[in-house]
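Have a look at structure-v7.txt; it's compact mmCIF, C-alpha atoms:
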```txt
# COMPACT_ATOMS: atom_id res chain seq x y z
CA MET A 1 98.73 113.27 69.10
CA ASP A 2 97.62 109.74 70.03
CA LYS A 3 100.45 107.29 69.40
CA MET A 4 97.97 104.81 67.90
CA SER A 5 97.18 107.26 65.10
CA ASN A 6 100.65 106.61 63.69
CA TYR A 7 99.79 102.96 63.08
CA SER A 8 97.81 101.65 60.12
CA LEU A 9 96.88 98.15 58.90
CA THR A 10 95.29 98.05 55.45
CA LEU A 11 94.22 95.33 53.02
CA SER A 12 93.68 96.44 49.42
CA TYR A 13 92.47 94.88 46.19
CA ASN A 14 92.18 95.67 42.48
CA ASN A 15 95.47 97.61 42.30
CA GLU A 16 94.53 99.41 45.54
CA LYS A 17 91.30 100.81 44.05
CA GLU A 18 89.42 99.02 46.84
CA ALA A 19 90.69 98.87 50.40
CA ILE A 20 89.72 98.37 54.02
CA GLU A 21 91.58 99.71 57.02
CA PHE A 22 91.35 97.39 60.01
CA PRO A 23 89.51 99.52 62.62
CA VAL A 24 91.20 97.91 65.63
CA LEU A 25 94.87 96.97 65.50
CA PRO A 26 95.57 93.34 66.49
CA ALA A 27 97.53 92.71 69.67
CA LYS A 28 100.21 91.00 67.58
CA ILE A 29 101.00 90.03 64.01
CA GLU A 30 102.76 86.69 63.58
CA VAL A 31 105.06 86.35 60.57
CA SER A 32 106.65 83.01 59.71
CA GLU A 33 109.50 82.58 57.23
CA SER A 34 111.45 79.41 56.58
CA GLY A 35 114.20 78.25 54.26
CA ASN A 36 113.89 75.55 51.64
CA HIS A 37 117.45 74.34 52.03
CA LYS A 38 118.64 70.72 51.93
CA THR A 39 121.62 68.99 53.48
CA TYR A 40 123.63 66.08 52.07
CA ASP A 41 126.37 63.86 53.45
CA ILE A 42 129.39 63.86 51.15
CA SER A 43 132.10 61.23 51.54
CA LYS A 44 135.29 62.66 53.11
CA LEU A 45 133.66 66.09 53.32
CA GLY A 46 130.79 65.53 55.70
CA GLU A 47 127.46 67.33 55.70
CA ILE A 48 126.94 70.18 53.24
CA ASN A 49 124.05 72.62 53.05
CA VAL A 50 122.59 73.43 49.62
CA LEU A 51 120.88 76.83 49.75
CA ARG A 52 117.62 77.31 47.88
CA ASN A 53 115.03 80.06 47.57
CA VAL A 54 113.21 80.96 50.80
CA LYS A 55 109.67 79.62 51.08
CA LEU A 56 106.69 81.97 50.91
CA ALA A 57 106.15 83.89 54.14
CA GLU A 58 103.01 83.29 56.19
CA LEU A 59 101.31 85.93 58.32
CA SER A 60 98.38 85.79 60.72
CA PHE A 61 96.54 87.83 63.34
CA GLU A 62 93.18 88.12 65.05
CA GLY A 63 91.01 90.99 66.22
CA ILE A 64 87.54 92.50 66.17
CA PHE A 65 85.37 94.53 63.84
CA PRO A 66 83.51 96.77 66.32
CA ALA A 67 79.86 97.69 65.90
CA SER A 68 80.52 101.20 67.23
CA TRP A 69 83.50 103.48 67.56
CA PHE A 70 85.47 103.65 70.82
CA PRO A 71 88.66 105.50 71.88
CA GLY A 72 90.88 102.46 71.28
CA ALA A 73 89.98 102.26 67.59
CA SER A 74 92.77 102.93 65.08
CA VAL A 75 90.49 104.81 62.65
CA ALA A 76 88.48 107.98 63.05
CA GLU A 77 84.77 107.57 63.82
CA GLU A 78 83.72 108.77 60.35
CA ARG A 79 85.87 106.06 58.73
CA LEU A 80 84.37 103.18 60.69
CA PHE A 81 82.06 100.83 58.77
CA GLU A 82 79.58 98.22 59.95
CA PRO A 83 81.30 94.91 60.90
CA GLU A 84 79.58 93.14 57.99
CA HIS A 85 81.29 95.50 55.54
CA TYR A 86 84.77 94.20 56.44
CA VAL A 87 83.66 90.55 56.38
CA GLU A 88 81.95 90.88 52.99
CA ARG A 89 84.96 92.63 51.41
CA ILE A 90 87.43 89.98 52.59
CA GLN A 91 85.16 87.15 51.44
CA LYS A 92 84.58 88.77 48.04
CA TRP A 93 88.27 89.43 47.38
CA SER A 94 89.28 85.95 48.55
CA ARG A 95 86.92 84.32 46.05
CA SER A 96 88.11 86.44 43.12
CA LYS A 97 91.35 84.45 42.74
CA GLN A 98 93.30 87.71 42.62
CA PRO A 99 96.13 88.65 45.02
CA MET A 100 95.72 91.43 47.56
CA ARG A 101 98.19 93.77 49.23
CA LEU A 102 98.66 93.94 53.00
CA VAL A 103 100.32 97.05 54.41
CA PHE A 104 101.23 97.70 58.04
CA THR A 105 103.00 100.93 58.90
CA GLY A 106 104.07 102.60 62.11
CA GLY A 107 105.74 99.64 63.79
CA SER A 108 109.43 98.88 64.21
CA ILE A 109 109.20 96.92 60.94
CA ASP A 110 106.76 98.00 58.23
CA ILE A 111 105.06 95.33 56.11
CA PHE A 112 104.33 95.70 52.39
CA MET A 113 103.32 92.29 51.10
CA ASP A 114 101.27 90.89 48.22
CA VAL A 115 99.18 88.10 49.71
CA SER A 116 96.41 85.58 49.35
CA VAL A 117 93.95 84.81 52.15
CA GLU A 118 94.54 81.25 53.33
CA LYS A 119 92.02 81.17 56.18
CA PHE A 120 89.35 83.55 57.42
CA SER A 121 86.96 82.72 60.24
CA TRP A 122 84.66 85.00 62.20
CA SER A 123 81.89 84.92 64.78
CA GLU A 124 79.82 87.28 66.89
CA SER A 125 81.93 88.53 69.77
CA SER A 126 81.02 87.61 73.33
CA GLY A 127 81.80 91.21 74.29
CA ALA A 128 79.87 94.20 72.97
CA VAL A 129 76.67 93.44 71.07
CA GLY A 130 77.21 93.47 67.30
CA ASP A 131 81.00 93.19 67.41
CA ILE A 132 82.53 90.53 65.18
CA LYS A 133 85.61 88.62 66.26
CA TYR A 134 87.81 87.23 63.48
CA GLN A 135 90.96 85.24 62.78
CA ILE A 136 92.79 85.59 59.47
CA SER A 137 95.93 84.15 57.92
CA PHE A 138 97.74 85.09 54.71
CA LYS A 139 100.42 83.63 52.49
CA GLU A 140 102.88 85.74 50.54
CA TYR A 141 102.17 85.95 46.79
CA ARG A 142 104.99 86.22 44.28
CA PHE A 143 104.16 87.47 40.81
CA TYR A 144 105.53 85.38 37.99
CA THR A 145 105.51 85.37 34.21
CA ALA A 146 104.95 82.26 32.13
CA ILE A 147 107.48 81.58 29.39
CA LYS A 148 106.76 79.31 26.45
CA THR A 149 108.72 76.06 26.61
CA GLU A 150 111.13 75.61 23.71
CA ILE A 151 112.33 72.14 22.71
CA LEU A 152 115.95 72.12 21.57
CA ASP A 153 116.80 69.29 19.18
CA ASP A 154 120.44 68.33 18.91
CA SER A 155 120.59 66.73 15.47
CA LYS A 156 123.95 65.15 16.23
CA THR A 157 122.99 63.25 19.34
CA GLY A 158 119.21 63.14 18.93
CA ALA A 159 118.82 64.50 22.45
CA LYS A 160 116.02 66.92 23.28
CA THR A 161 116.09 69.36 26.18
CA ASP A 162 113.56 71.81 27.62
CA LYS A 163 114.32 75.45 28.27
CA LYS A 164 112.69 77.38 31.16
CA SER A 165 108.91 77.28 31.31
CA GLY A 166 108.49 80.13 33.77
CA THR A 167 110.24 82.78 35.82
CA GLU A 168 109.45 85.09 38.69
CA SER A 169 108.36 88.54 37.56
CA LYS A 170 110.61 91.40 38.67
CA THR A 171 107.84 93.98 38.47
CA ARG A 172 104.42 93.99 40.11
CA PRO A 173 101.89 93.47 37.29
CA ASP A 174 98.61 95.27 36.83
CA THR A 175 96.03 93.44 38.97
CA ARG A 176 93.11 95.69 38.17
CA VAL A 177 89.85 93.78 37.58
CA GLN A 178 88.58 94.16 34.01
CA PRO A 179 85.15 95.88 34.05
CA LYS A 180 82.19 94.14 32.38
CA THR A 181 80.55 97.30 31.06
CA TYR A 182 81.45 100.88 30.17
CA LYS A 183 79.41 104.11 29.93
CA LEU A 184 80.22 106.19 26.87
CA VAL A 185 81.30 109.81 27.40
CA ALA A 186 81.68 112.74 25.00
CA GLY A 187 84.38 112.11 22.38
CA ASP A 188 84.30 108.33 22.75
CA SER A 189 84.57 105.96 19.82
CA LEU A 190 84.63 102.18 19.82
CA TRP A 191 88.27 102.41 18.71
CA LYS A 192 89.14 104.43 21.83
CA VAL A 193 87.21 102.03 24.06
CA ALA A 194 88.94 98.99 22.52
CA LYS A 195 92.33 100.69 22.90
CA LYS A 196 91.65 101.47 26.56
CA PHE A 197 90.18 98.14 27.69
CA LEU A 198 91.47 95.60 25.15
CA GLY A 199 94.84 97.19 24.49
CA ASP A 200 94.25 97.34 20.73
CA GLY A 201 91.94 99.80 18.97
CA SER A 202 91.54 97.48 15.98
CA LYS A 203 89.57 95.11 18.21
CA TYR A 204 86.63 97.55 18.22
CA LYS A 205 84.65 95.13 16.02
CA GLN A 206 84.47 92.70 18.94
CA ILE A 207 82.69 95.37 20.99
CA GLN A 208 80.53 96.36 18.02
CA LYS A 209 79.38 92.77 17.44
CA LEU A 210 78.81 92.09 21.16
CA ASN A 211 76.51 95.12 21.46
CA GLY A 212 74.80 94.81 18.06
CA ILE A 213 75.92 98.27 16.94
CA LYS A 214 75.40 98.96 13.23
CA ASP A 215 78.13 100.51 11.07
CA SER A 216 75.89 103.54 10.53
CA GLU A 217 75.82 104.15 14.30
CA LEU A 218 79.60 104.21 14.80
CA ARG A 219 79.96 107.95 14.10
CA LYS A 220 77.13 108.99 16.42
CA LEU A 221 77.41 106.90 19.56
CA PRO A 222 74.99 108.20 22.22
CA ILE A 223 76.63 109.70 25.30
CA GLY A 224 75.71 107.73 28.41
CA LYS A 225 75.05 104.48 26.54
CA ILE A 226 76.14 101.41 28.54
CA ILE A 227 78.05 98.94 26.39
CA LYS A 228 79.24 95.45 27.23
CA LEU A 229 82.96 94.60 27.09
CA PRO A 230 84.35 91.27 25.86
```

Take the structure I supplied and represent it as structure tokens, if you would.
Amino acid sequence: MDKMSNYSLTLSYNNEKEAIEFPVLPAKIEVSESGNHKTYDISKLGEINVLRNVKLAELSFEGIFPASWFPGASVAEERLFEPEHYVERIQKWSRSKQPMRLVFTGGSIDIFMDVSVEKFSWSESSGAVGDIKYQISFKEYRFYTAIKTEILDDSKTGAKTDKKSGTESKTRPDTRVQPKTYKLVAGDSLWKVAKKFLGDGSKYKQIQKLNGIKDSELRKLPIGKIIKLP
């Protein structure tokens, strides 16, 4: 078995429902990590180092999207797309303001990282006709959860203090993109659709109003009907 077949570099989006596998592995992947620590000079003690959270990692590489398959490609011939396909996907996902996931396996250190695209540039390669040469850089993305700020009022002193306004999420949230429309299937009701897409079946009236569905039509929704979602 070809040793290259053990390696894979994939960028995915929409909770991994959409993905591209880079058809040619880059010669190198550069990963940069740095601390956010600070030092202070303390009288009679000297310099001390105050440790803080590590800054977000940065990662970059360059390569080509080939116009035709060749033996050095890291994907099978039937899984190779036109160069424009890879460019369009990266551009589309970058503009969606949603994080992506970068996965590299097969090396001495595997990479599983949620990322945002910081820079993506490409041009027609000076090599084979139709090939696209690209450079891309990512920044690590950390999921977080907003917490409502609570003002504590000390009636004795009159002092007011703020509690935390946010914290890093310990679990990777659902990053699926909410669809704009839905095609009804057998057994569907607006309650079921609202439960599935809005998280609350009682919100079915929002869908009913948006699509102009009469109360008399609720019990006999036509299969295959395309409805809009709020």

Radius query 6 Å about (88.1, 100.7, 63.1), atoms used: only C-alpha atoms, as a PyMOL selection string: chain A and resi 22-24+73-75+80

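Each of A:Gly127, A:Ile207, A:Met113, A:Arg79 was compared to Lys195 (chain A) using only C-alpha atoms, and A:Ile207 turns out to be the nearest.
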
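Proximity to Phe65 (chain A) was assessed for A:Phe138, A:Phe81, A:Phe112, A:Tyr144 counting all atoms listed in the file; the smallest distance is recorded for A:Phe81.
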
Between A:Pro26, A:Pro230, A:Gly72, A:Gly130, smallest distance to Gln208 (chain A) by all atoms listed in the file belongs to A:Pro230

Find the residue from A:Thr10, A:Gln91, A:Thr181, A:Ser34 that sits nearest to Asp114 (chain A); use only C-alpha atoms when measuring.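 For Asp114 (chain A), the nearest of the given residues is A:Thr10.
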
Contact residues around Ala57 (chain A) with all atoms listed in the file at 9 Å, ignoring same-chain residues under 4 positions, as a PyMOL selection string: chain A and resi 31-34+138-141

Name all residues at most 10 Å from Leu11 (chain A) (count all atoms listed in the file; drop same-chain ones fewer than 4 positions away) and give them as number ranges by chain. A: 16, 18-22, 89-90, 100-104, 113-115

Within 10 Å of Tyr182 (chain A) using only C-alpha atoms, minus same-chain residues under 4 positions, as a short mmCIF file (atom, residue, chain, number, x, y, z; two decimals) with C-alpha atoms, keeping the file's coordinate frame:
```
data_model
loop_
_atom_site.label_atom_id
_atom_site.label_comp_id
_atom_site.auth_asym_id
_atom_site.auth_seq_id
_atom_site.Cartn_x
_atom_site.Cartn_y
_atom_site.Cartn_z
CA VAL A 193 87.21 102.03 24.06
CA PHE A 197 90.18 98.14 27.69
CA GLY A 224 75.71 107.73 28.41
CA LYS A 225 75.05 104.48 26.54
CA ILE A 226 76.14 101.41 28.54
CA ILE A 227 78.05 98.94 26.39
CA LYS A 228 79.24 95.45 27.23
CA LEU A 229 82.96 94.60 27.09
#
```

CA of Gln98 (chain A) and CA of Ala27 (chain A) are how many Å apart?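 Separating CA of Gln98 (chain A) from CA of Ala27 (chain A) is a distance of 27.8 Å.
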
Mind listing as a list of chain:residue names all residues within 10 Å of (93.5, 79.9, 54.1), counting only C-alpha atoms?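 Protein, DNA and RNA residues close to (93.5, 79.9, 54.1): A:Ser94, A:Ser116, A:Val117, A:Glu118, A:Lys119, A:Phe120, A:Ser121, A:Ile136, A:Ser137, A:Phe138, A:Lys139.
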
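Note that the spacing between CA of Ser60 (chain A) and CA of Ser8 (chain A) amounts to 15.9 Å.
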
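One distance worth recording is that between CA of Glu217 (chain A) and CA of Ala186 (chain A), which is 14.9 Å.
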
For Ser96 (chain A), the nearest of the candidates A:Ile29, A:Ile111, A:Lys183, A:Tyr13, counting all atoms listed in the file: A:Tyr13

With distances taken over only C-alpha atoms, which residue among A:Asp41, A:Ser68, A:Arg142, A:Lys180 lies nearest Val129 (chain A)? A:Ser68
